[in-house]
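Step one of this worksheet: look at the structure below.
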Amino acid sequence: MTGNEIRKKFLDYFKERGHTIVKSSSLIPSADPTLLFTNAGMVQFKDVFLSKGKRDYKRAVSSQKCVRAGGKHNDLEVVGRTARHHTFFEMLGNFSFGDYFKEGAIEYGWEFMTGIVKLPKEKLWITVYKDDDEAFKIWNEKIGIPANKIVRLGEKDNFWSMGDTGPCGPCSEIHIDQGEGIGCGRPECNVECDCDRFMEVWNLVFMQYNRDANGKLTPLPNPSIDTGMGLERLSAVVQKVKSNYDSDLLKPIITYTEGLFEKKYAGQGSSPADISFRVIVDHSRAMTFLIGDGVMPSNEGRGYVLRRIIRRASRHGRMLGKSEPFLFKTSDVVINLMEDTYPELIDRKEYISKVISTEEERFSNTLDIGMKMLNDMIESLKTKKERLIVGEDAFKLYDTYGFPLDLTEDIARDSGLAVDSAGFNRAMDLQKEKARASWKGSGEEGIKAIYREVAHKIKGTQSLSKPQRDMFIGYDTLESEGTVLSMIKGNDMVKSASEGEQVEIVLDKTSFYGESGGQVGDTGKIWNDDTHIDVLDTKKPLQSLIIHSAVVKKGSIKVANTVKISVNQNKRREIVLNHSATHLLHTALRDVLGDHVKQAGSLVAPDRLRFDYTHFSAPNIKELHRVEEIVNQKIRENYSVETSIKGLEDAIKGGATALFGEKYGEEVRVVKMGDYSMELCGGTHVNATGDIGLFKIIHEGGIASGIRRIEALTGENAYRYVRDEEERLSEIREMLKSPPHEELAKIKKVLDRSKELERELQKLKEKMTKDMSGDIMSEVKAIKGINVLSKNLGNFDIKDLRSFIDSTKVKIKSGVVVAGGVTDGKVSLVAGVTKDLISKLNAGEIIKQTAVIVEGSGGGRADMAQAGGKNPAKLTEALEKVYEIVEKML
């Protein structure tokens with residue numbers, strides 16, 4: 001039975017038993033600032049388990065892609081050394097939200113394991129929480145497991161908590177005895193042993209309590225089920241192989257890698273070559289899926305973990321003898337293996353390959369630099385006859401150049417040296433603390449508790465039990481009436497607000513768009529006969545909640561008041577132009593630069609639009625012009641903009657573009673612009689593309705590795721920008737006295753003449769410098785037998801001053817020369833000391849003391865130093881002071 005067949009059997013088994021198959025969510029958790037990556041099947045259902053959300057079903061089943069390479073669950077450094085640890089894996093899980101409980105979960109688990117995938121009953125063992133008599137009884141009496149094969153374990157092993165507080169409960173695990181030939185080999189080996197003989201296959205969590213801040217457990221009104229089983233581990237067991245890496249889910253990647261390196265994978269476990277093979281295979285899967293879900297290599301957060309994964313795999317490739325990039329090739333194998341289950345990988349194949357190869361090339365350069373640094377470090381220690389590389393240096397190699405500690409230790413060992421691993425660990429702990437302090441979670445602000453409280457309180461009302469698009473009526477009208485359902489002041493709900501007070505207002509229906517999807521929130525007015533309120537911003541912290549941030553300008557407002565609503569029409573009109581233009585821009589970028597281009601962020605404001613996208617190099621001016629031409633062409637073609645509500649899967653199958661990192665419901669809004677653009681979008685748009693009028697790109701640049709940004713204008717703002725540019729061109733033309741279309745030739749002529757004059761001026765300065773130094777001896781003073789010259793050269797820059805110092809040092813043969821000048825209101829100073837005097841006098845010290853007088857600073861070598869200053873009026877005084885400074889130094 002193949003891994004793909006096992007996945008399908010699992011999903012089909014639970015679907016036949018009333019479970020809804022839920023697609024795997026992204027590896028980037030949505031609206032969960034506590035998680036670096038999705039690391040379990042229950043993550044996308046967390047809001048349901050916490051009673052903060054609900055679904056249209058009470059039973060669910062999924063095969064969830066997971067990464068455990070950062071945060072609390074981090075298997076990165078273990079991967080490759082064991083048969084079963086992975087950074088990326090798929091978790092099979094079935095879930096019950098207040099429906100069936102322990103008996104149902106246990107019956108399903110046993111039937112699937114023994115009846116569907118045919119694991120031998122006699123080899124299966126069960127663990128339960130030590131106090132969970134109910135689960136013990138079900139396994140023993142209902143399923144028929146002998147009491148001696150049901151092991152009671154403590155809280156560490158068999159009690160699961162979502163956090164320090166919140167839902168929790170006992171769990172029960174299904175283990176398989178893989179036989180005496182696997183594991184530690186000790187006669188007393190049993191289920192509690194950490195070796196692989198009695199291997200956990202499936203964990204059934206019974207969420208039946210809520211733990212408060214004092215640790216008290218209170219039974220939940222609707223106990224739930226959350227189960228998790230690694231597909232790779234189950235496949236290895238079913239296929240009767242000793243390691244996950246020998247299952248058909250991973251073995252093809254190993255086979256390809258063997259051919260790539262022209263080396264064999266022995267499968268013996270602990271050999272360095274086998275470890276490297278396993279690291280490459282596992283990490284190839286992790287990097288492929290992480291990049292596919294929108295993570296980019298960087299120096300912080302998720303991007304830093306991805307960078308470490310790529311570099312660790314690349315380093316193991318070098319250990320197998322391959323220094324050139326190769327991971328983009330193993331990634332292709334991963335995509336070919338997984339494309340049927342995750343078809344989105346096919347669309348992103350070229351993009352994923354480019355990200356990986358670019359990062360590999362970058363690492364190759366830093367690795368060479370790191371090796372040089374390590375070799376220099378080793379040579380320095382040998383010279384000093386020291387035997388220990390300090391921990392901070394080892395950590396710098398690790399953090400900056402991707403050198404794992406074991407690599408540094410191996411290279412040091414070859415040279416008869418050791419590494420201060422304790423110091424390395426201290427530096428690592430310090431870095432982790434800094435990372436925790438700066439970690440911002442999934443990029444979404446934590447939702448204020450008061451917003452959840454308000455949503456929960458009014459959840460039963462007709463308006464907030466509907467989807468958000470039903471309570472938002474601003475697609476069709478900018479003026480309407482509504483009823484005040486709730487008000488917030490600070491972090492408290494209030495019944496009323498009076499003149500001058502700032503308050504947040506929730507209405508049963510509204511024309512105000514709450515900020516989301518990159519589109520800023522609406523502004524406008526709320527009023528009735530006695531009250532006037534300015535709405536300063538509108539937010540949507542929850543799908544079911546729109547918050548109007550407002551100030552009461554006149555009268556007062558109370559909960560249950562009926563009010564009139566008026567959105568600022570001019571601002572909304574400009575916003576919709578920009579939002580619709582981003583859709584056209586997105587498609588145009590893909591047409592010109594390639595299908596790998598994906599939206600990576602946006603801002604849709606009334607005065608401009610900002611669009612972030614994935615691409616690896618700056619588009620040239622012709623490409624940008626072509627993008628701009630296409631967008632304006634689609635505007636002139638005046639496509640009708642149509643919106644519709646569809647099921648998510650139907651919309652995607654129909655060709656709609658979904659965005660990285662966005663969390664969509666079962667039903668989505670599709671915005672279609674002719675046959676050119678179709679995206680999932682809840683924002684406001686024009687009726688036809690012609691309404692946009694004009695589109696103008698005003699800036700393009702990089703903002704992160706592989707992420708670029710376009711800023712653009714539309715409509716009247718674009719027209720004003722073009723008009724202003726024309727006015728500036730007209731002014732330039734007038735200054736140049738140039739006819740139209742001859743400006744460039746005229747400017748080139750002026751620049752050529754300017755360069756010619758600069759060359760002539762430089763020659764004159766050089767002649768003046770020589771002339772000055774030629775008869776300079778009459779100005780030289782003798783200070784304690786030392787020749788000293790300090791001179792103000794006027795409008796000389798630093799380069800001219802250095803030239804003067806060099807020529808004068810030659811002229812006086814032995815002595816000190818200091819020169820100063822002023823250009824553009826700033827002081828420049830240069831000091832020189834002839835070679836025979838640098839044991840007595842230091843140009844760096846002379847220039848430092850001189851610079852202080854002109855409110856500046858500087859430094860340099862003993863024979864030549866320079867400085868800058870802010871106070872030209874003090875230059876003469878500073879240069880006079882030089883003689884005194886030299887005298888004190890002698």
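Chain labels A, B, ... are given in the sequence in which chains occur in the structure tokens; within each chain residues are numbered consecutively from 1, and ligands are likewise numbered from 1 in the order shown.
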
Long-range neighbours of A:Leu417 as a ChimeraX atom specification, 9 Å cut-off, only C-alpha atoms, 6 positions minimum in chain
/A:378,381-382,386-389,409,411

Mind dumping a table of every stretch 71-184 of chain A residue within 10 Å of stretch 51-57 of chain A, with the nearest atom pair and its distance in Å to one decimal, using only C-alpha atoms, sorted by chain and rising number, as a tab-separated table?
residue	atom	partner	partner_atom	distance
A:Ser96	CA	A:Tyr57	CA	9.1
A:Phe97	CA	A:Tyr57	CA	8.2
A:Asp99	CA	A:Tyr57	CA	9.8
A:Pro167	CA	A:Ser51	CA	9.6

Would you export the selected residues with N, CA and C atoms as an mmCIF file, in the first residue's frame, please?
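Output file result-v3.cif follows:
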data_model
loop_
_atom_site.group_PDB
_atom_site.id
_atom_site.type_symbol
_atom_site.label_atom_id
_atom_site.label_comp_id
_atom_site.auth_asym_id
_atom_site.auth_seq_id
_atom_site.Cartn_x
_atom_site.Cartn_y
_atom_site.Cartn_z
ATOM 1 N N SER A 96 -13.614 15.947 16.182
ATOM 2 C CA SER A 96 -15.025 16.035 16.572
ATOM 3 C C SER A 96 -15.193 17.284 17.427
ATOM 4 N N PHE A 97 -16.120 18.160 17.012
ATOM 5 C CA PHE A 97 -16.371 19.401 17.746
ATOM 6 C C PHE A 97 -17.688 19.266 18.499
ATOM 7 N N ASP A 99 -19.217 16.475 19.139
ATOM 8 C CA ASP A 99 -20.035 15.370 18.605
ATOM 9 C C ASP A 99 -19.632 14.074 19.314
ATOM 10 N N PRO A 167 -8.321 24.840 26.790
ATOM 11 C CA PRO A 167 -8.743 23.450 26.602
ATOM 12 C C PRO A 167 -7.589 22.471 26.760
#

Please provide as an mmCIF file with C-alpha atoms, in the first residue's frame all residues within 9 Å of A:Ser235, with the sequence filter that same-chain residues fewer than 3 positions apart are discarded (counting only C-alpha atoms).
data_model
loop_
_atom_site.group_PDB
_atom_site.id
_atom_site.type_symbol
_atom_site.label_atom_id
_atom_site.label_comp_id
_atom_site.auth_asym_id
_atom_site.auth_seq_id
_atom_site.Cartn_x
_atom_site.Cartn_y
_atom_site.Cartn_z
ATOM 1 C CA MET A 1 0.000 0.000 0.000
ATOM 2 C CA THR A 2 1.556 3.311 -1.075
ATOM 3 C CA GLY A 3 1.664 6.455 1.023
ATOM 4 C CA ILE A 6 -2.933 5.370 2.779
ATOM 5 C CA GLY A 230 2.206 11.069 10.866
ATOM 6 C CA LEU A 231 1.618 9.788 7.337
ATOM 7 C CA GLU A 232 5.311 9.071 6.814
ATOM 8 C CA VAL A 238 2.460 -0.512 6.694
ATOM 9 C CA GLN A 239 5.220 -1.038 4.114
ATOM 10 C CA LYS A 240 7.287 -2.958 6.684
ATOM 11 C CA VAL A 241 10.440 -0.856 6.335
ATOM 12 C CA ASN A 244 10.460 6.557 7.204
ATOM 13 C CA SER A 247 8.948 4.429 2.533
ATOM 14 C CA ASP A 248 7.747 5.276 -0.952
ATOM 15 C CA LEU A 249 7.074 8.876 0.164
#

Please return, as a list of chain:residue names, all residues of stretch 133-186 of chain A that DSSP assigns to strand (DSSP E) on the basis of the backbone.
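Written out, the strand (DSSP E) residues of stretch 133-186 of chain A are A:Ile150, A:Val151, A:Arg152, A:Leu153, A:Phe159, A:Trp160, A:Ser161, A:Gly166, A:Pro167, A:Cys168, A:Gly169, A:Pro170, A:Cys171, A:Ser172, A:Glu173, A:Ile174, A:His175, A:Ile176, A:Asp177.
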
Exercise: stretch 740-752 of chain A partners within 12 Å, only C-alpha atoms, chain neighbours under 5 positions left out, as a ChimeraX atom specification:
/A:726,729-735,757-759

Write the residues of the selection above to a file with N, CA, C and O atoms, as an mmCIF file, in the first residue's frame.
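Saved as result-v3.cif:
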data_model
loop_
_atom_site.group_PDB
_atom_site.id
_atom_site.type_symbol
_atom_site.label_atom_id
_atom_site.label_comp_id
_atom_site.auth_asym_id
_atom_site.auth_seq_id
_atom_site.Cartn_x
_atom_site.Cartn_y
_atom_site.Cartn_z
ATOM 1 N N GLU A 726 5.319 67.185 -16.635
ATOM 2 C CA GLU A 726 5.401 67.994 -17.850
ATOM 3 C C GLU A 726 5.806 69.431 -17.524
ATOM 4 O O GLU A 726 6.588 70.053 -18.263
ATOM 5 N N LEU A 729 9.462 69.473 -16.832
ATOM 6 C CA LEU A 729 10.193 69.337 -18.094
ATOM 7 C C LEU A 729 10.196 70.664 -18.850
ATOM 8 O O LEU A 729 11.210 71.055 -19.439
ATOM 9 N N SER A 730 9.049 71.346 -18.803
ATOM 10 C CA SER A 730 8.953 72.638 -19.484
ATOM 11 C C SER A 730 9.925 73.645 -18.860
ATOM 12 O O SER A 730 10.588 74.418 -19.576
ATOM 13 N N GLU A 731 10.044 73.623 -17.512
ATOM 14 C CA GLU A 731 10.976 74.524 -16.833
ATOM 15 C C GLU A 731 12.421 74.192 -17.204
ATOM 16 O O GLU A 731 13.241 75.095 -17.432
ATOM 17 N N ILE A 732 12.731 72.906 -17.265
ATOM 18 C CA ILE A 732 14.088 72.496 -17.650
ATOM 19 C C ILE A 732 14.387 72.952 -19.078
ATOM 20 O O ILE A 732 15.471 73.459 -19.378
ATOM 21 N N ARG A 733 13.393 72.768 -19.953
ATOM 22 C CA ARG A 733 13.549 73.160 -21.357
ATOM 23 C C ARG A 733 13.833 74.667 -21.464
ATOM 24 O O ARG A 733 14.679 75.114 -22.239
ATOM 25 N N GLU A 734 13.113 75.434 -20.627
ATOM 26 C CA GLU A 734 13.286 76.893 -20.649
ATOM 27 C C GLU A 734 14.671 77.279 -20.137
ATOM 28 O O GLU A 734 15.335 78.160 -20.697
ATOM 29 N N MET A 735 15.122 76.594 -19.058
ATOM 30 C CA MET A 735 16.454 76.885 -18.514
ATOM 31 C C MET A 735 17.548 76.566 -19.528
ATOM 32 O O MET A 735 18.559 77.267 -19.631
ATOM 33 N N LEU A 757 35.420 71.646 -17.865
ATOM 34 C CA LEU A 757 35.820 72.713 -16.956
ATOM 35 C C LEU A 757 36.368 72.147 -15.648
ATOM 36 O O LEU A 757 37.306 72.701 -15.059
ATOM 37 N N GLU A 758 35.752 71.051 -15.157
ATOM 38 C CA GLU A 758 36.241 70.410 -13.930
ATOM 39 C C GLU A 758 37.665 69.902 -14.123
ATOM 40 O O GLU A 758 38.504 70.014 -13.218
ATOM 41 N N ARG A 759 37.942 69.341 -15.295
ATOM 42 C CA ARG A 759 39.304 68.862 -15.572
ATOM 43 C C ARG A 759 40.297 70.026 -15.595
ATOM 44 O O ARG A 759 41.403 69.928 -15.056
#

Fewer than 2 positions away in the same chain doesn't count, so skip those; otherwise give me all residues within 12 Å of A:Ser298, counting only C-alpha atoms, as an NGL selection string.
:A and (291 or 295-296 or 300-311 or 355 or 359 or 362 or 400 or 703-707)

Tell me which of A:Ser243, A:Ser480, A:Thr383, A:Thr510 sits closest to A:Arg84, counting only C-alpha atoms.
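Of all the options, A:Ser243 lies closest to A:Arg84.
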
Do a neighbour search on A:Arg285 at 7 Å with only C-alpha atoms, toss out local chain neighbours closer than 4 positions, and write the hits as a VMD selection string.
chain A and resid 88 281 289 331 334
